$ cat run.cif   # mmCIF, C-alpha atoms
data_work
#
loop_
_atom_site.label_atom_id
_atom_site.label_comp_id
_atom_site.auth_asym_id
_atom_site.auth_seq_id
_atom_site.Cartn_x
_atom_site.Cartn_y
_atom_site.Cartn_z
CA MET A 1 -30.39 -16.49 -35.30
CA THR A 2 -31.61 -16.60 -31.71
CA SER A 3 -29.75 -15.95 -28.46
CA THR A 4 -29.34 -19.73 -28.02
CA ASP A 5 -27.37 -20.05 -31.24
CA PRO A 6 -23.72 -21.02 -30.52
CA HIS A 7 -22.63 -18.10 -32.75
CA PRO A 8 -25.09 -15.31 -31.88
CA THR A 9 -25.52 -12.16 -33.89
CA PRO A 10 -24.51 -8.92 -32.11
CA ASP A 11 -28.20 -8.19 -31.38
CA ALA A 12 -28.56 -11.61 -29.79
CA LEU A 13 -25.34 -11.02 -27.89
CA ALA A 14 -26.70 -7.77 -26.44
CA GLU A 15 -29.87 -9.60 -25.40
CA ARG A 16 -27.85 -12.36 -23.75
CA LEU A 17 -25.71 -9.86 -21.84
CA ALA A 18 -28.81 -7.98 -20.69
CA HIS A 19 -30.51 -11.22 -19.60
CA THR A 20 -27.54 -12.36 -17.50
CA GLY A 21 -26.48 -8.92 -16.27
CA ALA A 22 -23.05 -9.39 -17.83
CA LEU A 23 -20.88 -6.65 -19.33
CA VAL A 24 -18.24 -6.26 -22.01
CA ASN A 25 -15.19 -4.15 -21.11
CA LEU A 26 -13.24 -2.52 -23.97
CA VAL A 27 -9.77 -1.06 -23.34
CA PHE A 28 -8.33 1.86 -25.30
CA HIS A 29 -5.01 3.62 -24.86
CA ASP A 30 -3.92 6.75 -26.73
CA ILE A 31 -6.35 8.10 -29.33
CA ALA A 32 -4.61 9.52 -32.40
CA ALA A 33 -5.94 12.13 -34.83
CA ASP A 34 -5.52 9.71 -37.75
CA CYS A 35 -3.84 6.44 -38.67
CA ASP A 36 -0.59 8.18 -39.64
CA ASP A 37 -0.20 9.35 -36.03
CA LEU A 38 -0.41 5.88 -34.46
CA TRP A 39 2.88 5.21 -32.68
CA SER A 40 1.92 1.95 -30.94
CA ARG A 41 -0.22 -1.03 -31.83
CA PHE A 42 -2.22 -0.19 -28.72
CA ASP A 43 -3.26 3.20 -30.13
CA THR A 44 -6.57 3.80 -31.89
CA SER A 45 -7.49 6.51 -34.38
CA VAL A 46 -10.32 8.82 -33.42
CA ASP A 47 -12.32 7.73 -36.47
CA ARG A 48 -12.00 4.09 -35.44
CA LEU A 49 -13.03 4.93 -31.88
CA HIS A 50 -16.15 6.65 -33.24
CA GLU A 51 -16.88 3.58 -35.39
CA ILE A 52 -16.68 1.32 -32.34
CA VAL A 53 -18.84 3.66 -30.25
CA ALA A 54 -21.44 3.79 -33.05
CA TRP A 55 -21.34 -0.01 -33.34
CA CYS A 56 -22.04 -0.36 -29.62
CA ARG A 57 -24.91 2.12 -29.91
CA ASP A 58 -26.49 0.69 -33.06
CA LEU A 59 -26.48 -2.89 -31.82
CA GLY A 60 -27.73 -2.14 -28.32
CA LEU A 61 -24.43 -2.89 -26.58
CA SER A 62 -23.78 0.52 -25.02
CA ARG A 63 -25.57 -0.13 -21.74
CA ARG A 64 -23.80 -3.49 -21.45
CA ALA A 65 -20.33 -2.05 -22.12
CA ARG A 66 -17.62 -0.28 -20.18
CA LEU A 67 -15.07 1.81 -22.04
CA TYR A 68 -11.66 1.96 -20.35
CA PHE A 69 -9.01 4.50 -21.28
CA ASP A 70 -5.71 3.39 -19.76
CA ASP A 71 -2.59 5.41 -18.87
CA ASN A 72 -4.06 8.93 -18.46
CA HIS A 73 -3.23 10.10 -22.00
CA ARG A 74 -4.12 13.71 -22.87
CA SER A 75 -6.21 12.46 -25.77
CA LEU A 76 -8.87 11.24 -23.34
CA PHE A 77 -9.47 14.79 -22.14
CA ASP A 78 -8.79 16.70 -25.37
CA VAL A 79 -10.22 14.34 -28.02
CA VAL A 80 -12.53 11.76 -26.47
CA LEU A 81 -14.56 13.37 -23.69
CA PRO A 82 -15.60 16.51 -25.61
CA THR A 83 -17.59 14.34 -28.06
CA LEU A 84 -18.42 11.21 -26.02
CA ASN A 85 -21.75 10.88 -24.23
CA VAL A 86 -20.52 9.16 -21.09
CA THR A 87 -24.05 8.36 -19.93
CA GLU A 88 -24.67 6.11 -22.96
CA PHE A 89 -22.42 3.42 -21.49
CA ALA A 90 -22.53 1.31 -18.38
CA GLU A 91 -19.35 3.17 -17.41
CA VAL A 92 -16.48 5.13 -18.87
CA VAL A 93 -13.33 4.54 -16.83
CA ALA A 94 -10.00 6.36 -16.78
CA ALA A 95 -7.23 4.08 -15.46
CA VAL A 96 -4.61 6.45 -14.05
CA PRO A 97 -1.00 5.77 -12.98
CA VAL A 98 -0.41 8.31 -10.22
CA SER A 99 3.06 9.28 -11.44
CA SER A 100 1.62 10.29 -14.83
CA ILE A 101 -0.58 13.06 -13.43
CA GLY A 102 0.58 16.43 -14.69
CA ARG A 103 3.36 15.04 -16.88
CA THR A 104 3.66 16.20 -20.48
CA GLY A 105 1.10 14.44 -22.64
CA HIS A 106 -1.00 13.32 -19.67
CA GLY A 107 -3.98 14.49 -17.68
CA THR A 108 -3.70 16.89 -14.75
CA THR A 109 -5.55 16.97 -11.45
CA THR A 110 -7.88 19.55 -13.03
CA ASP A 111 -8.57 17.20 -15.95
CA LEU A 112 -9.37 14.33 -13.60
CA ALA A 113 -11.72 16.45 -11.52
CA ALA A 114 -13.53 17.64 -14.67
CA ALA A 115 -13.78 14.08 -16.00
CA THR A 116 -15.20 12.88 -12.68
CA ALA A 117 -17.82 15.65 -12.79
CA GLN A 118 -18.73 14.48 -16.31
CA GLY A 119 -19.40 10.97 -15.01
CA VAL A 120 -16.08 9.26 -15.71
CA ARG A 121 -14.95 6.85 -12.99
CA ILE A 122 -11.28 7.04 -12.03
CA ALA A 123 -9.52 3.72 -11.39
CA ALA A 124 -6.05 3.11 -9.98
CA HIS A 125 -3.49 1.91 -12.52
CA GLY A 126 -0.51 1.69 -10.20
CA TYR A 127 1.58 4.40 -8.65
CA SER A 128 4.29 4.16 -11.30
CA HIS A 129 2.76 1.72 -13.83
CA THR A 130 4.91 -1.16 -12.58
CA ARG A 131 4.09 -4.75 -13.54
CA LEU A 132 2.82 -6.58 -10.44
CA ALA A 133 4.03 -10.03 -11.40
CA SER A 134 7.22 -12.07 -11.29
CA TYR A 135 9.35 -13.37 -14.15
CA ASP A 136 12.04 -16.01 -14.29
CA PRO A 137 15.56 -15.11 -15.59
CA HIS A 138 14.41 -15.82 -19.16
CA GLY A 139 11.61 -13.25 -18.98
CA THR A 140 8.85 -15.84 -18.70
CA LEU A 141 5.96 -14.85 -16.48
CA LEU A 142 5.59 -17.26 -13.59
CA ALA A 143 2.40 -19.25 -13.17
CA THR A 144 -0.77 -17.31 -12.40
CA PRO A 145 -3.75 -18.65 -10.45
CA ILE A 146 -6.23 -21.04 -11.99
CA GLY A 147 -8.40 -19.08 -14.38
CA GLY A 148 -5.64 -16.69 -15.44
CA HIS A 149 -4.32 -16.51 -18.99
CA TYR A 150 -0.86 -15.04 -18.40
CA ARG A 151 0.93 -18.33 -17.92
CA ASP A 152 4.29 -18.58 -19.75
CA ARG A 153 4.03 -15.34 -21.68
CA VAL A 154 7.33 -13.90 -22.91
CA GLY A 155 7.62 -10.28 -23.94
CA ALA A 156 9.98 -7.36 -24.28
CA GLY A 157 10.75 -4.86 -21.57
CA GLN A 158 10.27 -7.09 -18.55
CA HIS A 159 11.74 -5.73 -15.34
CA GLU A 160 13.05 -7.47 -12.22
CA PRO A 161 10.37 -9.22 -10.16
CA ALA A 162 8.66 -6.86 -7.72
CA THR A 163 8.98 -7.71 -4.04
CA GLU A 164 5.89 -8.12 -1.88
CA ASN A 165 6.45 -4.67 -0.38
CA GLU A 166 6.81 -3.10 -3.85
CA VAL A 167 3.55 -4.69 -4.99
CA LEU A 168 1.80 -3.54 -1.83
CA PHE A 169 3.13 -0.01 -2.33
CA GLN A 170 1.67 0.12 -5.86
CA LEU A 171 -1.69 -1.17 -4.68
CA VAL A 172 -2.04 0.99 -1.58
CA GLU A 173 -0.45 4.27 -2.63
CA ALA A 174 -2.28 4.43 -5.95
CA GLY A 175 -5.66 4.02 -4.30
CA GLU A 176 -4.95 6.45 -1.46
CA HIS A 177 -3.62 9.15 -3.76
CA LEU A 178 -6.54 8.96 -6.17
CA TYR A 179 -8.98 8.92 -3.25
CA THR A 180 -7.74 12.36 -2.23
CA LEU A 181 -8.38 13.61 -5.79
CA THR A 182 -11.59 11.95 -6.90
CA GLY A 183 -13.11 10.06 -3.97
CA ALA A 184 -13.50 6.31 -3.48
CA CYS A 185 -11.27 4.16 -5.70
CA GLN A 186 -12.92 0.77 -6.07
CA GLU A 187 -10.83 -0.83 -8.81
CA PHE A 188 -7.18 -1.48 -9.53
CA VAL A 189 -6.36 -1.88 -13.21
CA LEU A 190 -3.33 -4.14 -13.31
CA PRO A 191 -0.51 -2.50 -15.29
CA HIS A 192 -0.01 -4.48 -18.51
CA GLY A 193 -2.75 -6.78 -17.15
CA CYS A 194 -0.14 -8.81 -15.27
CA TYR A 195 -0.74 -10.44 -11.89
CA ASN A 196 0.18 -13.56 -9.97
CA ALA A 197 -0.85 -15.36 -6.78
CA ALA A 198 1.00 -12.86 -4.56
CA THR A 199 -0.88 -9.93 -6.13
CA LEU A 200 -4.24 -11.51 -5.40
CA ALA A 201 -3.25 -12.59 -1.90
CA LEU A 202 -2.09 -9.08 -0.93
CA ASN A 203 -5.27 -7.51 -2.26
CA GLN A 204 -7.39 -10.02 -0.34
CA ARG A 205 -5.33 -9.82 2.86
CA PHE A 206 -5.66 -6.06 3.14
CA GLY A 207 -9.14 -5.77 1.60
CA LEU A 208 -7.97 -3.16 -0.89
CA TYR A 209 -10.10 -3.41 -4.06
CA PRO A 210 -13.34 -5.23 -4.93
CA HIS A 211 -12.04 -5.75 -8.48
CA LEU A 212 -8.68 -6.13 -10.19
CA ALA A 213 -8.97 -5.50 -13.93
CA THR A 214 -6.89 -7.64 -16.29
CA THR A 215 -6.46 -7.90 -20.03
CA ASP A 216 -7.63 -11.50 -20.01
CA PRO A 217 -10.42 -11.46 -22.61
CA GLY A 218 -13.82 -12.55 -21.40
CA ILE A 219 -17.36 -11.61 -20.43
CA ASP A 220 -17.64 -9.71 -17.15
CA THR A 221 -20.04 -11.49 -14.82
CA GLY A 222 -18.83 -9.71 -11.67
CA GLN A 223 -15.71 -11.77 -10.98
CA LEU A 224 -12.82 -10.43 -8.87
CA LEU A 225 -10.46 -10.60 -11.86
CA ARG A 226 -12.37 -8.37 -14.24
CA PRO A 227 -11.74 -9.41 -17.88
CA ARG A 228 -11.25 -6.75 -20.55
CA PHE A 229 -10.89 -6.82 -24.34
CA LEU A 230 -7.76 -4.89 -25.33
CA VAL A 231 -8.44 -2.82 -28.46
CA THR A 232 -5.46 -2.58 -30.83
CA SER A 233 -4.85 -0.43 -33.89
CA ASN A 234 -6.00 -3.31 -36.10
CA ASP A 235 -9.34 -3.82 -34.38
CA THR A 236 -12.60 -2.89 -36.06
CA PRO A 237 -16.22 -3.43 -35.01
CA THR A 238 -16.07 -6.68 -37.00
CA THR A 239 -13.01 -8.07 -35.19
CA LEU A 240 -14.39 -7.02 -31.81
CA ASP A 241 -17.69 -8.71 -32.62
CA GLU A 242 -15.82 -11.90 -33.45
CA ARG A 243 -13.70 -11.79 -30.30
CA ILE A 244 -16.60 -11.01 -27.98
CA THR A 245 -18.93 -13.56 -29.57
CA GLU A 246 -16.25 -16.25 -29.21
CA GLN A 247 -15.98 -15.54 -25.48
CA ALA A 248 -19.77 -15.37 -25.03
CA SER A 249 -20.55 -18.57 -26.93
CA PRO A 250 -21.08 -21.77 -24.93
CA SER A 251 -17.98 -23.98 -24.83
#
$ encode --input "run.cif" --output "structure tokens"
Amino acid sequence: MTSTDPHPTPDALAERLAHTGALVNLVFHDIAADCDDLWSRFDTSVDRLHEIVAWCRDLGLSRRARLYFDDNHRSLFDVVLPTLNVTEFAEVVAAVPVSSIGRTGHGTTTDLAAATAQGVRIAAHGYSHTRLASYDPHGTLLATPIGGHYRDRVGAGQHEPATENEVLFQLVEAGEHLYTLTGACQEFVLPHGCYNAATLALNQRFGLYPHLATTDPGIDTGQLLRPRFLVTSNDTPTTLDERITEQASPS
């Protein structure tokens, strides 16, 4: 197959990404010692993480990929970073809710400083990991801007809609706090990936972040709403290849 094939091979996909300057962003959460220790479908075993890292390396995707580790779990510092060559990838990013710092099971200020020195970029993930989007009384997410994929999603654990001031607090305070710890904070990773028109308008009005990262799947071509592929406990290199290729293929 060639890179013009509507269903490119992973090698062709890497070539296409390199040619266009695009990136693939993969999102991990907690990394468990083995499959028996997975407590959420958003967790990944360490063996599976190593499989995915090796897949990126073997198929030439590493330099066209960002690895995100959301929520400041201890496993990033204790399990992942000791064996991960950060410089292999376009970036390795820790998305940190400020209120998690120093809590049991989470990274400390010392961990974040050490990770930064190792080459990890620290991104804001809210002050208290609050969803920055509104829901109707039935728990349905209100309409997002054109291009968003969160329209009419229903899920468990929705909270009351955040006010404009509450959203602004999450955006501003997270960035300012992390700036004092690790330097410039250029990206806000939307908690749970959720946003709406008010979120984007506030960010634009105050000029807060060049990028807001979502969990809308897609190829990253530099857009304001940075798409990311959320890795679940069921994902393998094969399923990720299928998901990424589908997004990269011409419509």
$ closest_atom_pairs --input "run.cif" --of "segment 38-65 of chain A" --to "segment 220-229 of chain A" --cutoff "12 Å" --atoms "only C-alpha atoms" --output "tab-separated table"
residue	atom	partner	partner_atom	distance
A:Phe42	CA	A:Phe229	CA	11.8
A:Arg64	CA	A:Asp220	CA	9.8
A:Ala65	CA	A:Asp220	CA	9.5
$ resolve_selection --input "run.cif" --expression "the PyMOL selection byres ((chain A and resi 238-251) around 6)" --output "PyMOL selection string"
chain A and resi 6+218+235-237
$ residues_around --input "run.cif" --residues "Val167 of chain A" --least-positions-apart "6" --cutoff "9 Å" --atoms "only C-alpha atoms" --output "list of chain:residue names"
A:Thr130, A:Arg131, A:Leu132, A:Ala133, A:Ala198, A:Thr199, A:Leu202
$ closest_residue --input "run.cif" --among "A:Glu173, A:Asp111, A:Glu15, A:Asp43" --to "His129 of chain A" --atoms "only C-alpha atoms"
A:Glu173
$ atom_distance --input "run.cif" --atom1 "atom CA of Gln186 of chain A" --atom2 "atom CA of Gly60 of chain A"
26.9 Å
$ resolve_selection --input "run.cif" --expression "the PyMOL selection byres ((chain A and resi 88) around 10)" --output "VMD selection string"
chain A and resid 53 56 to 57 61 to 66 84 to 87 89 to 92
$ closest_residue --input "run.cif" --among "A:Arg16, A:Arg41, A:Arg103, A:His125" --to "Cys185 of chain A" --atoms "only C-alpha atoms"
A:His125
$ resolve_selection --input "run.cif" --expression "the PyMOL selection byres ((chain A and resi 116) around 12)" --output "ChimeraX atom specification"
/A:77,81,86,91-94,109-115,117-123,178-179,181-185
$ build_atoms --input "run.cif" --residues "segment 22-33 of chain A" --atoms "all heavy atoms" --output "PDB file, in the frame of the given file"
ATOM      1  N   ALA A  22     -24.488  -9.427 -17.539  1.00  0.00           N
ATOM      2  CA  ALA A  22     -23.050  -9.390 -17.830  1.00  0.00           C
ATOM      3  C   ALA A  22     -22.694  -8.135 -18.621  1.00  0.00           C
ATOM      4  O   ALA A  22     -23.562  -7.467 -19.196  1.00  0.00           O
ATOM      5  CB  ALA A  22     -22.646 -10.639 -18.621  1.00  0.00           C
ATOM      6  N   LEU A  23     -21.387  -7.828 -18.632  1.00  0.00           N
ATOM      7  CA  LEU A  23     -20.880  -6.650 -19.330  1.00  0.00           C
ATOM      8  C   LEU A  23     -19.693  -7.026 -20.199  1.00  0.00           C
ATOM      9  O   LEU A  23     -19.018  -8.040 -19.975  1.00  0.00           O
ATOM     10  CB  LEU A  23     -20.441  -5.582 -18.326  1.00  0.00           C
ATOM     11  CG  LEU A  23     -21.525  -4.940 -17.461  1.00  0.00           C
ATOM     12  CD1 LEU A  23     -20.886  -4.078 -16.383  1.00  0.00           C
ATOM     13  CD2 LEU A  23     -22.465  -4.105 -18.305  1.00  0.00           C
ATOM     14  N   VAL A  24     -19.436  -6.176 -21.182  1.00  0.00           N
ATOM     15  CA  VAL A  24     -18.240  -6.260 -22.010  1.00  0.00           C
ATOM     16  C   VAL A  24     -17.389  -5.037 -21.707  1.00  0.00           C
ATOM     17  O   VAL A  24     -17.886  -3.908 -21.707  1.00  0.00           O
ATOM     18  CB  VAL A  24     -18.595  -6.304 -23.507  1.00  0.00           C
ATOM     19  CG1 VAL A  24     -17.361  -6.073 -24.367  1.00  0.00           C
ATOM     20  CG2 VAL A  24     -19.248  -7.630 -23.860  1.00  0.00           C
ATOM     21  N   ASN A  25     -16.112  -5.239 -21.422  1.00  0.00           N
ATOM     22  CA  ASN A  25     -15.190  -4.150 -21.110  1.00  0.00           C
ATOM     23  C   ASN A  25     -14.180  -4.001 -22.234  1.00  0.00           C
ATOM     24  O   ASN A  25     -13.460  -4.949 -22.555  1.00  0.00           O
ATOM     25  CB  ASN A  25     -14.456  -4.456 -19.795  1.00  0.00           C
ATOM     26  CG  ASN A  25     -15.419  -4.692 -18.646  1.00  0.00           C
ATOM     27  OD1 ASN A  25     -16.368  -3.944 -18.457  1.00  0.00           O
ATOM     28  ND2 ASN A  25     -15.185  -5.759 -17.890  1.00  0.00           N
ATOM     29  N   LEU A  26     -14.145  -2.803 -22.859  1.00  0.00           N
ATOM     30  CA  LEU A  26     -13.240  -2.520 -23.970  1.00  0.00           C
ATOM     31  C   LEU A  26     -12.157  -1.557 -23.492  1.00  0.00           C
ATOM     32  O   LEU A  26     -12.464  -0.538 -22.872  1.00  0.00           O
ATOM     33  CB  LEU A  26     -13.993  -1.904 -25.139  1.00  0.00           C
ATOM     34  CG  LEU A  26     -15.153  -2.720 -25.718  1.00  0.00           C
ATOM     35  CD1 LEU A  26     -15.844  -1.936 -26.833  1.00  0.00           C
ATOM     36  CD2 LEU A  26     -14.673  -4.063 -26.234  1.00  0.00           C
ATOM     37  N   VAL A  27     -10.891  -1.864 -23.812  1.00  0.00           N
ATOM     38  CA  VAL A  27      -9.770  -1.060 -23.340  1.00  0.00           C
ATOM     39  C   VAL A  27      -9.110  -0.313 -24.486  1.00  0.00           C
ATOM     40  O   VAL A  27      -8.640  -0.925 -25.445  1.00  0.00           O
ATOM     41  CB  VAL A  27      -8.683  -1.952 -22.684  1.00  0.00           C
ATOM     42  CG1 VAL A  27      -7.620  -1.081 -22.035  1.00  0.00           C
ATOM     43  CG2 VAL A  27      -9.289  -2.900 -21.674  1.00  0.00           C
ATOM     44  N   PHE A  28      -9.044   1.010 -24.359  1.00  0.00           N
ATOM     45  CA  PHE A  28      -8.330   1.860 -25.300  1.00  0.00           C
ATOM     46  C   PHE A  28      -7.126   2.489 -24.595  1.00  0.00           C
ATOM     47  O   PHE A  28      -7.101   2.614 -23.369  1.00  0.00           O
ATOM     48  CB  PHE A  28      -9.244   2.977 -25.818  1.00  0.00           C
ATOM     49  CG  PHE A  28     -10.462   2.489 -26.542  1.00  0.00           C
ATOM     50  CD1 PHE A  28     -11.634   2.226 -25.843  1.00  0.00           C
ATOM     51  CD2 PHE A  28     -10.434   2.285 -27.910  1.00  0.00           C
ATOM     52  CE1 PHE A  28     -12.768   1.768 -26.504  1.00  0.00           C
ATOM     53  CE2 PHE A  28     -11.565   1.825 -28.579  1.00  0.00           C
ATOM     54  CZ  PHE A  28     -12.736   1.572 -27.879  1.00  0.00           C
ATOM     55  N   HIS A  29      -6.148   2.885 -25.395  1.00  0.00           N
ATOM     56  CA  HIS A  29      -5.010   3.620 -24.860  1.00  0.00           C
ATOM     57  C   HIS A  29      -5.002   5.015 -25.491  1.00  0.00           C
ATOM     58  O   HIS A  29      -5.973   5.733 -25.398  1.00  0.00           O
ATOM     59  CB  HIS A  29      -3.706   2.844 -25.073  1.00  0.00           C
ATOM     60  CG  HIS A  29      -3.578   1.690 -24.131  1.00  0.00           C
ATOM     61  ND1 HIS A  29      -4.163   0.469 -24.372  1.00  0.00           N
ATOM     62  CD2 HIS A  29      -2.953   1.572 -22.928  1.00  0.00           C
ATOM     63  CE1 HIS A  29      -3.913  -0.353 -23.357  1.00  0.00           C
ATOM     64  NE2 HIS A  29      -3.182   0.294 -22.468  1.00  0.00           N
ATOM     65  N   ASP A  30      -3.951   5.408 -26.146  1.00  0.00           N
ATOM     66  CA  ASP A  30      -3.920   6.750 -26.730  1.00  0.00           C
ATOM     67  C   ASP A  30      -4.802   6.789 -27.980  1.00  0.00           C
ATOM     68  O   ASP A  30      -4.860   5.816 -28.747  1.00  0.00           O
ATOM     69  CB  ASP A  30      -2.476   7.112 -27.097  1.00  0.00           C
ATOM     70  CG  ASP A  30      -2.215   8.602 -27.063  1.00  0.00           C
ATOM     71  OD1 ASP A  30      -3.170   9.370 -26.777  1.00  0.00           O
ATOM     72  OD2 ASP A  30      -1.070   9.010 -27.301  1.00  0.00           O
ATOM     73  N   ILE A  31      -5.485   7.915 -28.172  1.00  0.00           N
ATOM     74  CA  ILE A  31      -6.350   8.100 -29.330  1.00  0.00           C
ATOM     75  C   ILE A  31      -5.687   9.119 -30.251  1.00  0.00           C
ATOM     76  O   ILE A  31      -5.476  10.274 -29.862  1.00  0.00           O
ATOM     77  CB  ILE A  31      -7.749   8.590 -28.912  1.00  0.00           C
ATOM     78  CG1 ILE A  31      -8.366   7.639 -27.876  1.00  0.00           C
ATOM     79  CG2 ILE A  31      -8.642   8.715 -30.131  1.00  0.00           C
ATOM     80  CD1 ILE A  31      -8.533   6.209 -28.350  1.00  0.00           C
ATOM     81  N   ALA A  32      -5.342   8.679 -31.462  1.00  0.00           N
ATOM     82  CA  ALA A  32      -4.610   9.520 -32.400  1.00  0.00           C
ATOM     83  C   ALA A  32      -5.559  10.212 -33.373  1.00  0.00           C
ATOM     84  O   ALA A  32      -6.660   9.724 -33.646  1.00  0.00           O
ATOM     85  CB  ALA A  32      -3.604   8.678 -33.184  1.00  0.00           C
ATOM     86  N   ALA A  33      -5.110  11.360 -33.893  1.00  0.00           N
ATOM     87  CA  ALA A  33      -5.940  12.130 -34.830  1.00  0.00           C
ATOM     88  C   ALA A  33      -6.248  11.328 -36.086  1.00  0.00           C
ATOM     89  O   ALA A  33      -7.354  11.398 -36.628  1.00  0.00           O
ATOM     90  CB  ALA A  33      -5.242  13.437 -35.193  1.00  0.00           C
TER      91      ALA A  33
END
